[in-house]
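S.K.: Below is the file work-v5.tsv, which contains TSV, C-alpha atoms.
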```
chain	number	residue	atom	x	y	z
A	1	GLU	CA	122.06	-10.40	-59.64
A	2	LEU	CA	121.40	-8.81	-56.26
A	3	SER	CA	119.71	-10.50	-53.31
A	4	ASP	CA	116.45	-8.68	-54.12
A	5	GLY	CA	116.39	-10.07	-57.68
A	6	THR	CA	117.61	-6.87	-59.36
A	7	VAL	CA	119.78	-7.66	-62.36
A	8	GLY	CA	122.32	-5.26	-63.81
A	9	TRP	CA	125.78	-4.79	-65.23
A	10	SER	CA	129.05	-3.76	-63.62
A	11	ARG	CA	132.67	-3.55	-64.65
A	12	SER	CA	134.48	-6.76	-63.84
A	13	ASP	CA	137.02	-4.72	-61.83
A	14	TYR	CA	134.34	-4.29	-59.17
A	15	ILE	CA	133.17	-7.90	-58.98
A	16	ILE	CA	134.90	-10.44	-56.78
A	17	THR	CA	133.44	-13.89	-57.20
A	18	GLU	CA	133.50	-16.51	-54.46
A	19	ALA	CA	133.91	-13.80	-51.78
A	20	THR	CA	132.04	-12.86	-48.63
A	21	SER	CA	131.32	-9.22	-47.77
A	22	GLY	CA	132.82	-7.90	-44.55
A	23	ALA	CA	132.66	-4.70	-42.51
A	24	ILE	CA	135.65	-3.49	-40.53
A	25	ILE	CA	134.66	-3.15	-36.86
A	26	ALA	CA	138.07	-2.15	-35.48
A	27	ALA	CA	140.82	-0.25	-37.27
A	28	THR	CA	143.47	-2.71	-38.33
A	29	PRO	CA	146.73	-2.94	-40.23
A	30	VAL	CA	147.06	-5.23	-43.23
A	31	TYR	CA	149.58	-8.06	-43.21
A	32	GLU	CA	151.37	-9.64	-46.19
A	33	ARG	CA	150.74	-13.14	-44.82
A	34	PRO	CA	148.65	-14.49	-41.92
A	35	ASP	CA	151.48	-13.72	-39.54
A	36	ILE	CA	151.92	-10.72	-37.20
A	37	LEU	CA	155.53	-10.33	-38.34
A	38	THR	CA	154.49	-9.30	-41.87
A	39	LYS	CA	152.63	-6.08	-41.01
A	40	SER	CA	152.50	-3.56	-43.85
A	41	THR	CA	153.67	-0.08	-42.92
A	42	ARG	CA	151.33	1.60	-45.41
A	43	LYS	CA	148.19	-0.50	-45.63
A	44	LYS	CA	145.37	-0.34	-43.11
A	45	TYR	CA	141.61	-0.35	-42.75
A	46	ASP	CA	139.51	2.03	-40.68
A	47	ASN	CA	136.21	1.39	-38.92
A	48	ILE	CA	133.27	0.88	-41.26
A	49	ASP	CA	135.40	0.11	-44.34
A	50	ILE	CA	133.95	-2.59	-46.58
A	51	VAL	CA	136.05	-5.57	-47.68
A	52	ALA	CA	135.66	-8.76	-49.67
A	53	VAL	CA	136.84	-11.81	-47.75
A	54	ILE	CA	138.42	-14.20	-50.26
A	55	ASP	CA	140.12	-16.71	-47.99
A	56	GLU	CA	140.59	-17.60	-44.35
A	57	LYS	CA	143.26	-19.34	-42.35
A	58	ASP	CA	143.06	-19.88	-38.60
A	59	ASP	CA	142.37	-16.44	-37.03
A	60	TRP	CA	142.94	-14.53	-40.28
A	61	TYR	CA	140.97	-13.36	-43.33
A	62	ASN	CA	142.53	-12.59	-46.70
A	63	VAL	CA	140.68	-9.50	-47.92
A	64	ILE	CA	140.42	-7.14	-50.85
A	65	GLY	CA	139.34	-3.55	-50.26
A	66	ARG	CA	137.75	-0.85	-52.36
A	67	ASN	CA	139.23	-0.58	-55.87
A	68	ASN	CA	141.35	-3.67	-55.11
A	69	LEU	CA	143.43	-1.66	-52.64
A	70	ASN	CA	144.82	-2.93	-49.35
A	71	THR	CA	144.80	-6.55	-50.43
A	72	GLY	CA	146.24	-8.72	-47.71
A	73	TRP	CA	145.51	-10.47	-44.42
A	74	ILE	CA	143.75	-9.07	-41.38
A	75	MET	CA	142.82	-10.63	-38.06
A	76	LYS	CA	139.27	-12.03	-38.04
A	77	GLU	CA	138.39	-10.16	-34.84
A	78	HIS	CA	138.59	-6.85	-36.74
A	79	VAL	CA	135.97	-7.69	-39.36
A	80	SER	CA	132.34	-8.77	-39.21
A	81	VAL	CA	130.77	-10.89	-41.94
A	82	ASN	CA	127.35	-10.59	-40.27
A	83	LYS	CA	124.82	-9.42	-42.89
A	84	GLU	CA	123.34	-6.78	-40.57
A	85	ASP	CA	126.78	-5.28	-39.84
A	86	VAL	CA	127.74	-5.29	-43.53
A	87	GLY	CA	124.39	-3.74	-44.49
A	88	MET	CA	124.74	-1.00	-41.87
A	89	ALA	CA	128.33	-0.29	-43.01
A	90	ILE	CA	127.18	0.07	-46.62
A	91	LEU	CA	124.30	2.33	-45.56
A	92	ALA	CA	126.62	4.42	-43.35
A	93	ARG	CA	129.11	4.80	-46.21
A	94	LYS	CA	126.32	6.11	-48.44
A	95	GLU	CA	124.62	8.43	-45.94
A	96	LEU	CA	127.32	9.58	-43.51
A	97	PHE	CA	130.60	9.83	-45.37
A	98	ASP	CA	131.67	12.72	-47.58
A	99	SER	CA	133.70	12.31	-50.78
A	100	LYS	CA	136.96	12.42	-48.80
A	101	GLY	CA	135.90	9.58	-46.50
A	102	ASN	CA	135.14	11.74	-43.46
A	103	ILE	CA	132.03	11.21	-41.35
A	104	LYS	CA	129.51	14.04	-41.37
A	105	ASN	CA	129.06	14.38	-37.61
A	106	ASP	CA	125.91	16.48	-37.98
A	107	LYS	CA	124.09	13.47	-39.50
A	108	LEU	CA	125.19	10.89	-36.92
A	109	ASN	CA	122.32	11.29	-34.45
A	110	ASP	CA	119.58	10.90	-37.07
A	111	PHE	CA	121.34	7.95	-38.67
A	112	ILE	CA	121.70	6.14	-35.33
A	113	ASN	CA	118.10	6.86	-34.27
A	114	ASN	CA	116.72	5.56	-37.59
A	115	ALA	CA	119.04	2.59	-38.07
A	116	PRO	CA	117.20	-0.50	-39.36
A	117	TYR	CA	119.52	-2.71	-37.28
A	118	PRO	CA	120.09	-0.77	-34.03
A	119	GLY	CA	121.93	-3.73	-32.48
A	120	SER	CA	124.58	-3.74	-35.21
A	121	LYS	CA	128.25	-3.41	-34.27
A	122	ILE	CA	128.44	-0.58	-36.82
A	123	VAL	CA	125.72	1.36	-34.98
A	124	ALA	CA	127.66	0.84	-31.72
A	125	ILE	CA	130.81	2.26	-33.36
A	126	LEU	CA	128.86	5.28	-34.62
A	127	ARG	CA	127.18	5.79	-31.24
A	128	ASP	CA	130.62	5.85	-29.55
A	129	ARG	CA	131.79	8.37	-32.13
A	130	LEU	CA	128.73	10.56	-31.47
A	131	ILE	CA	129.34	10.45	-27.71
A	132	LYS	CA	133.00	11.42	-28.18
A	133	SER	CA	131.99	14.23	-30.53
A	134	VAL	CA	129.51	15.61	-27.99
A	135	GLU	CA	132.08	15.33	-25.19
A	136	MET	CA	134.73	17.13	-27.29
A	137	ASN	CA	132.30	19.94	-28.12
A	138	ALA	CA	131.33	20.26	-24.46
A	139	SER	CA	134.96	20.46	-23.33
A	140	SER	CA	135.87	23.03	-25.99
A	141	ASN	CA	132.78	25.14	-25.26
A	142	PRO	CA	132.29	24.96	-21.51
A	143	VAL	CA	129.12	26.43	-20.10
A	144	GLU	CA	129.83	29.13	-17.55
A	145	MET	CA	128.32	28.52	-14.19
A	146	GLN	CA	126.59	31.47	-12.61
A	147	ASP	CA	126.37	32.09	-8.92
A	148	TYR	CA	122.83	32.19	-7.68
A	149	VAL	CA	121.90	33.68	-4.37
A	150	GLU	CA	118.59	32.67	-2.97
A	151	ASP	CA	116.58	35.10	-0.95
A	152	VAL	CA	116.36	33.65	2.48
A	153	PRO	CA	113.35	34.73	4.49
A	154	GLU	CA	114.16	36.48	7.73
```
Show me the file's structure as structure tokens.
M.R.:
Amino acid sequence: ELSDGTVGWSRSDYIITEATSGAIIAATPVYERPDILTKSTRKKYDNIDIVAVIDEKDDWYNVIGRNNLNTGWIMKEHVSVNKEDVGMAILARKELFDSKGNIKNDKLNDFINNAPYPGSKIVAILRDRLIKSVEMNASSNPVEMQDYVEDVPE
């Protein structure tokens, strides 16, 4: 049952009981244990990924990612369990990401301007991405400056 009272069915593979939803707010590697010496060389999370937090220890969360991938420990500072951040991450995943997981830059501005939670950390991440995208486009397509000569009265 969803928070709005909607009831439905899902495969048990996609249900994680006794977990808290989280949104990744800073790209982070995954660790085998809550210890910086156990960093995985292949597992990582990117901004705006969604995780299920299943345990916590000190400054660490034990998480499970999409399709039960990237299971392991991440530092708490890289994930938000705030409902507004999680909601915005889910909405962004639905509206901004293509099937390969890439952000559709042409939709960023509208998404940011119409965000239901404009103070969300996810909106801040997307706003930074939009600014960088605009700056990159400006530097790759510089506007030529023209010389203007004013007529000076004699």
S.K.: List as a list in words the protein and nucleic acid residues near A:Asn114, meaning an atom at most 12 Å away when all atoms listed in the file are counted, but skip any in the same chain fewer than 5 places from it.
M.R.: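 Residues meeting the cut-off are Met88, Leu91, Ala92, Glu95, Lys107, Leu108, Asn109, Gly119 and Val123 of chain A.
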S.K.: Write out, as a Markdown table, each residue of stretch 69-114 of chain A that has an atom at most 12 Å from stretch 125-140 of chain A, together with the closest pair of atoms and their distance in Å to one decimal, counting only C-alpha atoms, rows going by chain and rising number.
M.R.:
```
| residue | atom | partner | partner_atom | distance |
| --- | --- | --- | --- | --- |
| A:Asp85 | CA | A:Ile125 | CA | 10.7 |
| A:Met88 | CA | A:Leu126 | CA | 10.4 |
| A:Ala89 | CA | A:Leu126 | CA | 10.1 |
| A:Ala92 | CA | A:Leu126 | CA | 9.1 |
| A:Arg93 | CA | A:Leu126 | CA | 11.6 |
| A:Leu96 | CA | A:Leu126 | CA | 10.0 |
| A:Phe97 | CA | A:Leu126 | CA | 11.8 |
| A:Ile103 | CA | A:Leu126 | CA | 9.5 |
| A:Lys104 | CA | A:Leu130 | CA | 10.5 |
| A:Asn105 | CA | A:Leu130 | CA | 7.2 |
| A:Asp106 | CA | A:Leu130 | CA | 9.2 |
| A:Lys107 | CA | A:Leu130 | CA | 9.7 |
| A:Leu108 | CA | A:Leu130 | CA | 6.5 |
| A:Asn109 | CA | A:Leu130 | CA | 7.1 |
| A:Asp110 | CA | A:Leu130 | CA | 10.7 |
| A:Phe111 | CA | A:Leu126 | CA | 8.9 |
| A:Ile112 | CA | A:Arg127 | CA | 6.8 |
| A:Asn113 | CA | A:Arg127 | CA | 9.6 |
```
S.K.: Excluding stretch 67-76 of chain A and any residue of its chain fewer than 5 positions from it, enumerate the residues within 6 Å of it, using all atoms listed in the file, and give them as a list in words.
M.R.: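 Result of the neighbour search: Val30, Tyr31, Glu32, Arg33, Pro34, Lys43, Asp59, Trp60, Tyr61 and Asn62 of chain A.
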S.K.: Any idea what's packed within 10 Å of A:Ala52, counting all atoms listed in the file, ignoring anything in its chain fewer than 3 positions away? Could you give it as number ranges by chain?
M.R.: A: 15-23, 55, 61-66, 68, 71, 81
S.K.: Any idea what the distance is between atom CA of A:Lys94 and atom CA of A:Pro116?
M.R.: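 Value for the atom CA of A:Lys94-atom CA of A:Pro116 distance: 14.5 Å.
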S.K.: Measuring atom to atom with only C-alpha atoms, identify which of A:Ile24, A:Leu2, A:Val7, A:Ile122 is nearest to A:Ser80.
M.R.: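 Closest candidate: A:Ile24.
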S.K.: One decimal, Å: what's the distance from atom CA of A:Ser12 over to atom CA of A:Ala27, could you say?
M.R.: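 Atom-to-atom, atom CA of A:Ser12 and atom CA of A:Ala27 are spaced 28.1 Å apart.
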S.K.: Stretch 48-59 of chain A, all listed atoms, 3 Å padding on each side: what axis-aligned box centre and edge lengths in Å to one decimal come out, as JSON?
M.R.:
```
{"center_x": 138.3, "center_y": -9.5, "center_z": -43.6, "size_x": 16.0, "size_y": 26.8, "size_z": 19.2}
```
S.K.: Nearest to A:Ser120 among A:Glu84, A:Asp4, A:Asp49, A:Asp98, with distances taken over only C-alpha atoms: which residue is it?
M.R.: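 Smallest distance to A:Ser120 is found for A:Glu84.
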S.K.: Measure the distance from atom CA of A:Glu56 to atom CA of A:Ile25 in Å and round it to one decimal.
M.R.: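 These atoms are spaced 17.3 Å apart.
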S.K.: Calculated over only C-alpha atoms, which of the candidates A:Tyr117, A:Ala124, A:Arg11, A:Ile36 has the smallest distance to A:Ile48?
M.R.: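 Nearest candidate to A:Ile48 out of A:Tyr117, A:Ala124, A:Arg11, A:Ile36: A:Ala124.
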